[in-house]
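Worksheet for the structure shown next.
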Amino acid sequence: MQDYSVTHLKQLESEAIYILRETAAQFERPVLMFSGGKDSIVMTHLAAKAFWPAKIPFPLLHVDTGHNFPETLVYRDDLVEKLGANLIVASVEEAIKDGRVVEEKGANASRNMLQIQTLLDALEEGQYDAAMGGARRDEEKARAKERFFSHRDEFGQWDPKNQRPELWNIFNGRMAQGEHFRVFPLSNWTEMDVWQYMKAESIELPSLYYAHERDIVVRNGTILAVSEFVQPRDGETVERKQIRFRTMGDATITGAVESGADTMEKIIEEVAAARQTERGNRADDKRSESAMEDRKKAGYF
Amino acid sequence: MSTENSSPEEGYLDMDLLRFTTAGSVDDGKSTLIGRLMYDSKAIFEDQLESIENTSKQRGDEHVNLALLTDGLRSEREQGITIDVAYRYFATPRRKFIIADTPGHIQYTRNMVTGASTANLAIILVDARKGVIEQTCRHSFIANLLRIQHVVIAVNKMDLVDWSEATFKKIREEFQKFASRLENIVEVSFIPISALKGDNVVDQSKNMDWYKGPTLLYHLETLYVGPDANHVDSRLPVQWVIRPHSDEYHDFRGYAGRIAGGVFKPGDDVVVYPSGFEAKVKALHTAEGELAEAYSPLSVAMTLDREIDISRGDMIGKPNNPPTVGQDIDAMVCWFSDKPLNPKGKFLIRHCSKEAKALVREVKYKVDINTLHKIEGDNEFTLNDIGRITIRTASPLCYDSYKRNRVTGSFILVDAFTNETVAAGMIR
């Protein structure tokens, strides 16, 4: 009897490709949300595989807070060119200028919540009926309750207590006019799976993920990179440290970790030994016990 | 996530996957058990622990309430119950695990069915003080119906019955009497535990010398779970047709899908169902190159040696081993909607990559899932009801029995007006 066993990484890959194809088939105007973070990079890589040798049959959408690390933008533009993909940028900056959203005030203001309206506007404007995201269930406890195909009402809201049951590998993407879906092809992946897969597939990452020297300040226990958007406040001192990022987001809230891991192998060792979740350094999740659930209900990724 | 292993990569790339579901009634300590498995296997991170320690303290709980790890939604924490299926992940050096944690409330049978649909093993919790109750039977029935072959009866709260061997044995006997009627369950194990104190979950209990079997985690790590996939009946449900329209791949037509059964090789004779057109497999493509053979659950793009009209919803199989092609489906279904089944209702059936209009022809019977008897004289399907119906579809489906293939033997019914998923079906 032949051995038809399939490793768990191969199973996850096959499942994600299945979901991406299912999304392309079930929806008229799907879009892939690209943040420049490693999960959306892996998702884009899988999309390229799912439809090879054809190009990815849907555009990439970047919700740009205007607070970017320059490395992220360079990486994004290179990738888009390499894949021959179509990129759409939804700008929070412009949403602020148009008066569609109002910037938060106060010392810990962030543009995190503003992304929600900007995203919903972009989906409505492009008449996108499915937005694919790289969120994983292992990231956060509210995300652990997510479906692969997650229904959103006409206000873009998530109703976690009334979700469609998802059985076997059958996905129900039917909806009424004005509603849309969020689709999460990486639902069953863990952080470790993502890193192992990137290594196995030799996927290139923005340099920010590898250890490098940078000026930082420590704010509320989070290491933030000094940039045009993050300047030291009274009582904070700028230090030069060797750091790397475990997630990628708005530069004003994405915390770094002190690390000497400058290769994929070293990062994997570090992930295996880590005693903090990768979102443990996200100031946006620390706002309250249900910060993520509240944002998700309102239409966050 | 293991930290014991000197090199975390060692073995990671060829680790296998075990998907299991947990079921129990309210207060059986299910969430606590999962919290315990993850905590003791070091899959819980410091910040997660800190966060639940704070919440436990604030609520005045005596112990760190491990249930808070899985009860992610605000209303779950407020009510102290689990509302929705939650998926959890952990790995040991031996295996990677995906847990579908399903709530035990009577009104949430649909969640249990959902969690069971992708699982290879079910852990059913029994409160040592209460023994085998109606809900235990219901959970076992569902595990059997969804064809989960391995079951663990975890007799929990042994600390509250003085770690009594007699109590454990009595529960085992009660369950065995009942389970003899569940034909799909191949293997049942019984483990006495205390999820709260940690006995026999990850570490061997010091309070139950009389128990010589494995701990729960050791059992999960080492149990041989035969391949769930069917490698006999070749099936490729076509999801999407890849047409690059580029100079390099001018005539490329790749039939993309995830193999649902059997094995395909280049040169194989194949038949497209339901049309019946025949062809040979030219190649099995992936982005990394062509495969010498492809089997479940791999996602591929198949090219054929001639041009045939094939689209999403079609099934590629082999000439000597066809799926059943037909419009009359006989199935066991679980009803998921608050609204009862309306026999005149308009439905859509989703089966593999196919969607078709469907009518419910006949409700044959419902099953009392506590006694496994047929219910006479009541054919109205309401939320959580399980029974046998026949369906007529507007166009033919290409299917197998659920017993033979979980992928090509399962379907869902969608309400054509509300778009809700109203039933899950297993073809007989």
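In the structure tokens, chains take letters A, B, ... by order of appearance, with residues numbered from 1 within each chain and ligands from 1 in the order shown.
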
Self-check item: Residues within 8 Å of A:Phe184, only C-alpha atoms, excluding chain neighbours under 5 positions, as an MDAnalysis selection string
Solution: chainID A and resid 132:136 147:149

What would the file look like if the residues just selected were written as a compact mmCIF listing (two decimals), in the first residue's frame with N, CA and C atoms?
```
# COMPACT_ATOMS: atom_id res chain seq x y z
N MET A 132 -10.69 39.41 1.07
CA MET A 132 -9.89 38.34 1.68
C MET A 132 -8.85 38.94 2.61
N GLY A 133 -8.75 38.37 3.80
CA GLY A 133 -7.79 38.88 4.77
C GLY A 133 -6.89 37.75 5.27
N GLY A 134 -5.73 38.13 5.80
CA GLY A 134 -4.77 37.14 6.26
C GLY A 134 -4.92 36.78 7.73
N ALA A 135 -6.05 37.18 8.36
CA ALA A 135 -6.21 36.94 9.79
C ALA A 135 -6.24 35.44 10.09
N ARG A 136 -5.67 35.08 11.25
CA ARG A 136 -5.64 33.68 11.66
C ARG A 136 -6.38 33.53 12.98
N ARG A 147 -15.33 32.52 10.91
CA ARG A 147 -15.54 31.55 9.86
C ARG A 147 -14.52 31.80 8.75
N PHE A 148 -14.38 30.83 7.83
CA PHE A 148 -13.61 31.08 6.62
C PHE A 148 -14.34 32.13 5.77
N PHE A 149 -15.64 31.89 5.57
CA PHE A 149 -16.49 32.84 4.85
C PHE A 149 -17.33 33.55 5.91
```

Quiz item: Just asking: which residues within stretch 130-283 of chain A are strand (DSSP E) according to DSSP, as a ChimeraX atom specification?
Solution: /A:130-132,149-152,180-183,212-219,222-225,239-245,256-258

Pull the closest atom pair for each residue of chain A that gets at most 6 Å from chain B, along with the distance in Å to one decimal, counting only C-alpha atoms, ordering rows by chain and then ascending residue number, as a tab-separated table.
```
residue	atom	partner	partner_atom	distance
A:Thr7	CA	B:Asp14	CA	5.3
A:His8	CA	B:Asp16	CA	5.3
A:Ser14	CA	B:Ser299	CA	5.1
A:Lys49	CA	B:Ala287	CA	5.2
A:Trp52	CA	B:Ala287	CA	5.8
A:Ala54	CA	B:Pro244	CA	4.0
A:Lys141	CA	B:Gly72	CA	4.5
A:Ala142	CA	B:Gly72	CA	5.0
A:Ala144	CA	B:Ala86	CA	5.3
A:Lys145	CA	B:Ala86	CA	4.8
A:Leu167	CA	B:Thr114	CA	5.1
A:Trp168	CA	B:Ser117	CA	5.2
A:Arg174	CA	B:Asn419	CA	5.7
A:Ala273	CA	B:Thr3	CA	5.7
A:Arg275	CA	B:Phe45	CA	4.9
A:Gln276	CA	B:Phe45	CA	5.0
A:Thr277	CA	B:Phe45	CA	5.9
```

Exercise. Could you give me, as number ranges by chain, each residue of stretch 54-252 of chain A that DSSP assigns to helix (DSSP H, G or I) when run on this structure's backbone?
Key: A: 70-83, 92-98, 112-125, 143-145, 160-162, 191-200, 207-209

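A straight line drawn from atom CA of B:Val132 to atom CA of B:Lys169 is 11.7 Å long.
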
Please provide as an mmCIF file with N, CA and C atoms, in the first residue's frame all residues within 10 Å of stretch 212-221 of chain A, with the sequence filter that same-chain residues fewer than 4 positions apart are discarded (counting only C-alpha atoms).
```cif
data_model
loop_
_atom_site.group_PDB
_atom_site.id
_atom_site.type_symbol
_atom_site.label_atom_id
_atom_site.label_comp_id
_atom_site.auth_asym_id
_atom_site.auth_seq_id
_atom_site.Cartn_x
_atom_site.Cartn_y
_atom_site.Cartn_z
ATOM 1 N N ASN A 108 -2.567 59.027 23.038
ATOM 2 C CA ASN A 108 -2.489 57.694 22.447
ATOM 3 C C ASN A 108 -3.397 57.537 21.230
ATOM 4 N N SER A 207 12.467 43.941 4.997
ATOM 5 C CA SER A 207 13.624 43.860 5.894
ATOM 6 C C SER A 207 13.258 44.116 7.353
ATOM 7 N N LEU A 208 12.122 44.770 7.598
ATOM 8 C CA LEU A 208 11.722 45.095 8.974
ATOM 9 C C LEU A 208 11.535 43.868 9.856
ATOM 10 N N ALA A 225 9.350 52.338 17.057
ATOM 11 C CA ALA A 225 10.448 52.882 16.276
ATOM 12 C C ALA A 225 10.248 54.392 16.124
ATOM 13 N N VAL A 226 11.332 55.138 16.321
ATOM 14 C CA VAL A 226 11.250 56.585 16.127
ATOM 15 C C VAL A 226 11.180 56.851 14.622
ATOM 16 N N SER A 227 10.200 57.671 14.222
ATOM 17 C CA SER A 227 10.023 57.970 12.806
ATOM 18 C C SER A 227 9.373 59.335 12.724
ATOM 19 N N VAL A 230 6.429 59.000 14.997
ATOM 20 C CA VAL A 230 6.637 58.722 16.421
ATOM 21 C C VAL A 230 7.854 59.509 16.886
ATOM 22 N N GLN A 231 7.602 60.526 17.691
ATOM 23 C CA GLN A 231 8.685 61.341 18.234
ATOM 24 C C GLN A 231 8.674 61.190 19.752
ATOM 25 N N PRO A 232 9.869 61.237 20.379
ATOM 26 C CA PRO A 232 9.901 61.077 21.836
ATOM 27 C C PRO A 232 9.111 62.172 22.541
ATOM 28 N N ARG A 233 8.402 61.757 23.596
ATOM 29 C CA ARG A 233 7.669 62.734 24.403
ATOM 30 C C ARG A 233 8.497 63.084 25.628
ATOM 31 N N GLU A 236 10.610 60.582 27.829
ATOM 32 C CA GLU A 236 11.035 59.403 27.071
ATOM 33 C C GLU A 236 12.428 59.659 26.507
ATOM 34 N N THR A 237 13.250 58.621 26.541
ATOM 35 C CA THR A 237 14.575 58.792 25.948
ATOM 36 C C THR A 237 14.700 57.899 24.730
ATOM 37 N N VAL A 238 15.395 58.422 23.732
ATOM 38 C CA VAL A 238 15.616 57.646 22.524
ATOM 39 C C VAL A 238 16.816 56.743 22.758
ATOM 40 N N GLU A 239 16.619 55.465 22.460
ATOM 41 C CA GLU A 239 17.745 54.525 22.585
ATOM 42 C C GLU A 239 17.987 53.868 21.239
ATOM 43 N N ARG A 240 19.205 53.394 21.024
ATOM 44 C CA ARG A 240 19.497 52.652 19.805
ATOM 45 C C ARG A 240 19.563 51.180 20.179
ATOM 46 N N LYS A 241 18.724 50.376 19.563
ATOM 47 C CA LYS A 241 18.664 48.967 19.931
ATOM 48 C C LYS A 241 18.562 48.090 18.702
ATOM 49 N N GLN A 242 18.947 46.809 18.924
ATOM 50 C CA GLN A 242 18.744 45.848 17.849
ATOM 51 C C GLN A 242 17.353 45.245 18.007
ATOM 52 N N ILE A 243 16.502 45.478 17.047
ATOM 53 C CA ILE A 243 15.098 45.047 17.166
ATOM 54 C C ILE A 243 14.624 44.431 15.858
ATOM 55 N N ARG A 244 13.437 43.791 15.952
ATOM 56 C CA ARG A 244 12.729 43.413 14.730
ATOM 57 C C ARG A 244 11.232 43.456 15.017
ATOM 58 N N PHE A 245 10.429 43.410 13.960
ATOM 59 C CA PHE A 245 8.981 43.446 14.129
ATOM 60 C C PHE A 245 8.409 42.051 13.929
ATOM 61 N N ILE A 253 1.711 52.321 16.142
ATOM 62 C CA ILE A 253 1.243 51.364 17.155
ATOM 63 C C ILE A 253 1.926 50.009 17.081
ATOM 64 N N GLY A 255 4.516 47.522 17.750
ATOM 65 C CA GLY A 255 5.654 47.408 18.654
ATOM 66 C C GLY A 255 6.691 46.448 18.116
ATOM 67 N N ALA A 256 7.934 46.702 18.473
ATOM 68 C CA ALA A 256 9.030 45.829 18.059
ATOM 69 C C ALA A 256 9.450 44.962 19.242
ATOM 70 N N GLU A 258 13.055 43.265 21.043
ATOM 71 C CA GLU A 258 14.518 43.235 20.982
ATOM 72 C C GLU A 258 14.910 41.857 20.490
ATOM 73 N N SER A 259 15.767 41.814 19.498
ATOM 74 C CA SER A 259 16.077 40.522 18.908
ATOM 75 C C SER A 259 17.362 40.590 18.109
ATOM 76 N N GLY A 260 18.055 39.457 18.072
ATOM 77 C CA GLY A 260 19.238 39.358 17.233
ATOM 78 C C GLY A 260 18.975 38.466 16.033
ATOM 79 N N ALA A 261 17.690 38.112 15.830
ATOM 80 C CA ALA A 261 17.367 37.160 14.769
ATOM 81 C C ALA A 261 17.393 37.852 13.417
ATOM 82 N N ASP A 262 18.457 37.626 12.654
ATOM 83 C CA ASP A 262 18.571 38.314 11.375
ATOM 84 C C ASP A 262 18.426 37.365 10.182
ATOM 85 N N ASN A 281 2.333 42.820 21.474
ATOM 86 C CA ASN A 281 2.952 44.136 21.398
ATOM 87 C C ASN A 281 2.098 45.142 20.647
ATOM 88 N N ALA A 283 -0.466 47.881 20.652
ATOM 89 C CA ALA A 283 -1.128 48.792 21.579
ATOM 90 C C ALA A 283 -2.635 48.796 21.327
#
```

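Atom CA of A:Leu83 is found 26.6 Å from atom CA of B:Leu304.
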
Quiz item: Could you name the residues that touch B:Asp378 at 12 Å or less, counting only C-alpha atoms, but leaving out those on the same chain fewer than 5 positions away, as a VMD selection string?
Solution: chain B and resid 363 to 368 385 387

Output all heavy atoms of each residue in that selection to a file, as a compact mmCIF listing (two decimals), in the first residue's frame.
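Result file again.txt:
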```txt
# COMPACT_ATOMS: atom_id res chain seq x y z
N VAL B 363 -40.32 13.81 4.05
CA VAL B 363 -39.66 13.63 5.34
C VAL B 363 -39.98 12.20 5.76
O VAL B 363 -41.15 11.85 5.96
CB VAL B 363 -40.19 14.62 6.40
CG1 VAL B 363 -39.59 14.30 7.76
CG2 VAL B 363 -39.85 16.05 5.99
N LYS B 364 -38.98 11.35 5.83
CA LYS B 364 -39.26 9.93 6.11
C LYS B 364 -39.47 9.71 7.61
O LYS B 364 -40.45 9.11 8.03
CB LYS B 364 -38.11 9.06 5.61
CG LYS B 364 -38.06 9.06 4.08
CD LYS B 364 -37.25 7.88 3.60
CE LYS B 364 -37.63 7.55 2.17
NZ LYS B 364 -36.63 6.71 1.53
N TYR B 365 -38.51 10.20 8.39
CA TYR B 365 -38.69 10.09 9.85
C TYR B 365 -37.68 10.99 10.55
O TYR B 365 -36.70 11.43 9.95
CB TYR B 365 -38.53 8.65 10.35
CG TYR B 365 -37.23 7.98 9.95
CD1 TYR B 365 -36.05 8.19 10.67
CD2 TYR B 365 -37.18 7.10 8.86
CE1 TYR B 365 -34.85 7.58 10.30
CE2 TYR B 365 -35.99 6.48 8.48
CZ TYR B 365 -34.83 6.73 9.21
OH TYR B 365 -33.66 6.13 8.86
N LYS B 366 -37.94 11.24 11.81
CA LYS B 366 -36.96 11.93 12.64
C LYS B 366 -36.42 10.93 13.66
O LYS B 366 -37.07 9.93 13.96
CB LYS B 366 -37.61 13.10 13.38
CG LYS B 366 -38.02 14.23 12.46
CD LYS B 366 -38.21 15.54 13.22
CE LYS B 366 -39.28 15.42 14.28
NZ LYS B 366 -39.49 16.71 14.98
N VAL B 367 -35.26 11.22 14.18
CA VAL B 367 -34.65 10.31 15.15
C VAL B 367 -34.63 11.00 16.52
O VAL B 367 -34.29 12.17 16.63
CB VAL B 367 -33.20 9.97 14.74
CG1 VAL B 367 -32.55 9.06 15.77
CG2 VAL B 367 -33.15 9.34 13.36
N ASP B 368 -35.03 10.26 17.55
CA ASP B 368 -34.85 10.75 18.91
C ASP B 368 -33.39 10.46 19.27
O ASP B 368 -33.02 9.30 19.46
CB ASP B 368 -35.80 10.02 19.86
CG ASP B 368 -35.62 10.49 21.31
OD1 ASP B 368 -34.51 10.97 21.64
OD2 ASP B 368 -36.58 10.35 22.08
N ASP B 385 -33.18 19.24 14.96
CA ASP B 385 -33.74 17.93 14.66
C ASP B 385 -32.86 17.19 13.66
O ASP B 385 -32.26 17.79 12.76
CB ASP B 385 -35.15 18.07 14.06
CG ASP B 385 -36.20 18.19 15.15
OD1 ASP B 385 -35.86 17.86 16.31
OD2 ASP B 385 -37.32 18.63 14.85
N GLY B 387 -32.88 13.71 11.07
CA GLY B 387 -33.74 12.69 10.50
C GLY B 387 -33.43 12.44 9.05
O GLY B 387 -32.44 12.94 8.51
```

Practice problem: Tell me which protein, DNA and RNA residues are within 12 Å of B:Gly313, counting only C-alpha atoms, leaving out same-chain ones fewer than 3 positions away, and put them as a ChimeraX atom specification. | Solution: /A:22,25-26 /B:236-241,255-257,272-275,310,316,349-356,395-399,408

How about saving the chosen residues, N, CA, C and O atoms kept, as a tab-separated table (two decimals), in the first residue's frame?
```
chain	number	residue	atom	x	y	z
A	22	GLU	N	-12.34	29.09	-4.36
A	22	GLU	CA	-13.77	29.13	-4.04
A	22	GLU	C	-14.25	30.58	-3.99
A	22	GLU	O	-15.35	30.89	-4.46
A	25	ALA	N	-14.60	31.96	-7.42
A	25	ALA	CA	-15.72	31.37	-8.14
A	25	ALA	C	-17.07	31.86	-7.61
A	25	ALA	O	-18.01	32.05	-8.37
A	26	GLN	N	-17.17	32.03	-6.29
A	26	GLN	CA	-18.47	32.35	-5.71
A	26	GLN	C	-18.82	33.83	-5.74
A	26	GLN	O	-19.99	34.20	-5.61
B	236	LEU	N	-12.45	14.44	-8.81
B	236	LEU	CA	-11.98	15.82	-8.80
B	236	LEU	C	-13.16	16.75	-9.09
B	236	LEU	O	-13.57	16.88	-10.25
B	237	PRO	N	-13.72	17.38	-8.06
B	237	PRO	CA	-14.79	18.34	-8.30
B	237	PRO	C	-14.16	19.62	-8.88
B	237	PRO	O	-13.22	20.16	-8.31
B	238	VAL	N	-14.64	20.07	-10.04
B	238	VAL	CA	-14.03	21.23	-10.69
B	238	VAL	C	-14.55	22.51	-10.04
B	238	VAL	O	-15.74	22.77	-10.01
B	239	GLN	N	-13.58	23.30	-9.52
B	239	GLN	CA	-13.93	24.53	-8.82
B	239	GLN	C	-13.90	25.73	-9.74
B	239	GLN	O	-14.62	26.70	-9.58
B	240	TRP	N	-12.96	25.70	-10.70
B	240	TRP	CA	-12.60	26.90	-11.43
B	240	TRP	C	-11.80	26.46	-12.64
B	240	TRP	O	-11.04	25.50	-12.56
B	241	VAL	N	-12.00	27.12	-13.77
B	241	VAL	CA	-11.22	26.78	-14.96
B	241	VAL	C	-10.16	27.86	-15.16
B	241	VAL	O	-10.49	29.05	-15.29
B	255	TYR	N	-8.27	22.52	-15.18
B	255	TYR	CA	-9.46	22.30	-14.36
B	255	TYR	C	-9.01	22.23	-12.91
B	255	TYR	O	-8.42	21.24	-12.48
B	256	ALA	N	-9.27	23.31	-12.17
B	256	ALA	CA	-8.71	23.46	-10.84
B	256	ALA	C	-9.67	22.94	-9.79
B	256	ALA	O	-10.88	23.16	-9.86
B	257	GLY	N	-9.10	22.23	-8.82
B	257	GLY	CA	-9.92	21.74	-7.72
B	257	GLY	C	-9.08	20.99	-6.71
B	257	GLY	O	-7.88	20.78	-6.92
B	272	VAL	N	-15.87	12.86	-17.56
B	272	VAL	CA	-16.42	14.05	-16.91
B	272	VAL	C	-17.89	13.79	-16.63
B	272	VAL	O	-18.65	13.45	-17.53
B	273	TYR	N	-18.28	13.93	-15.36
B	273	TYR	CA	-19.68	13.72	-14.98
B	273	TYR	C	-20.30	15.09	-14.70
B	273	TYR	O	-19.62	15.96	-14.19
B	274	PRO	N	-21.58	15.31	-15.01
B	274	PRO	CA	-22.51	14.32	-15.51
B	274	PRO	C	-22.51	14.15	-17.03
B	274	PRO	O	-23.23	13.28	-17.52
B	275	SER	N	-21.73	14.90	-17.81
B	275	SER	CA	-21.86	14.85	-19.26
B	275	SER	C	-21.47	13.50	-19.85
B	275	SER	O	-22.03	13.06	-20.85
B	310	ILE	N	-16.13	21.80	-20.00
B	310	ILE	CA	-16.16	21.46	-18.57
B	310	ILE	C	-16.26	22.76	-17.79
B	310	ILE	O	-15.57	23.73	-18.11
B	316	ILE	N	-14.76	15.22	-12.24
B	316	ILE	CA	-13.93	14.34	-13.06
B	316	ILE	C	-13.66	13.06	-12.28
B	316	ILE	O	-13.27	13.11	-11.12
B	349	ILE	N	-29.16	23.53	-2.98
B	349	ILE	CA	-28.28	22.53	-2.40
B	349	ILE	C	-26.86	22.86	-2.85
B	349	ILE	O	-26.65	23.24	-4.01
B	350	ARG	N	-25.91	22.79	-1.92
B	350	ARG	CA	-24.50	22.96	-2.28
B	350	ARG	C	-23.80	21.65	-1.99
B	350	ARG	O	-23.79	21.18	-0.84
B	351	HIS	N	-23.24	21.10	-3.05
B	351	HIS	CA	-22.59	19.80	-2.93
B	351	HIS	C	-21.30	19.88	-3.73
B	351	HIS	O	-21.33	20.20	-4.92
B	352	CYS	N	-20.14	19.63	-3.10
B	352	CYS	CA	-18.85	19.88	-3.74
B	352	CYS	C	-18.89	21.28	-4.36
B	352	CYS	O	-19.24	22.22	-3.67
B	353	SER	N	-18.55	21.42	-5.64
B	353	SER	CA	-18.54	22.77	-6.20
B	353	SER	C	-19.85	23.09	-6.92
B	353	SER	O	-19.96	24.09	-7.61
B	354	LYS	N	-20.83	22.25	-6.74
B	354	LYS	CA	-22.10	22.39	-7.47
B	354	LYS	C	-23.17	23.08	-6.62
B	354	LYS	O	-23.28	22.83	-5.44
B	355	GLU	N	-23.93	23.94	-7.26
B	355	GLU	CA	-25.11	24.50	-6.61
B	355	GLU	C	-26.31	24.25	-7.49
B	355	GLU	O	-26.24	24.45	-8.70
B	356	ALA	N	-27.42	23.78	-6.90
B	356	ALA	CA	-28.62	23.52	-7.69
B	356	ALA	C	-29.85	23.83	-6.86
B	356	ALA	O	-29.81	23.79	-5.63
B	395	SER	N	-30.91	19.89	-11.16
B	395	SER	CA	-29.97	19.29	-12.10
B	395	SER	C	-29.20	18.19	-11.36
B	395	SER	O	-29.14	18.19	-10.13
B	396	PRO	N	-28.62	17.26	-12.10
B	396	PRO	CA	-28.02	16.10	-11.43
B	396	PRO	C	-26.78	16.43	-10.59
B	396	PRO	O	-25.98	17.28	-10.96
B	397	LEU	N	-26.66	15.73	-9.46
B	397	LEU	CA	-25.44	15.81	-8.65
B	397	LEU	C	-24.63	14.54	-8.92
B	397	LEU	O	-25.18	13.50	-9.27
B	398	CYS	N	-23.30	14.65	-8.73
B	398	CYS	CA	-22.41	13.49	-8.86
B	398	CYS	C	-21.89	13.20	-7.46
B	398	CYS	O	-21.06	13.95	-6.96
B	399	TYR	N	-22.38	12.14	-6.84
B	399	TYR	CA	-22.12	11.96	-5.41
B	399	TYR	C	-21.78	10.52	-5.05
B	399	TYR	O	-21.94	9.60	-5.85
B	408	THR	N	-17.56	13.87	-0.96
B	408	THR	CA	-18.55	13.78	-2.04
B	408	THR	C	-19.89	13.25	-1.52
B	408	THR	O	-20.85	13.16	-2.28
```
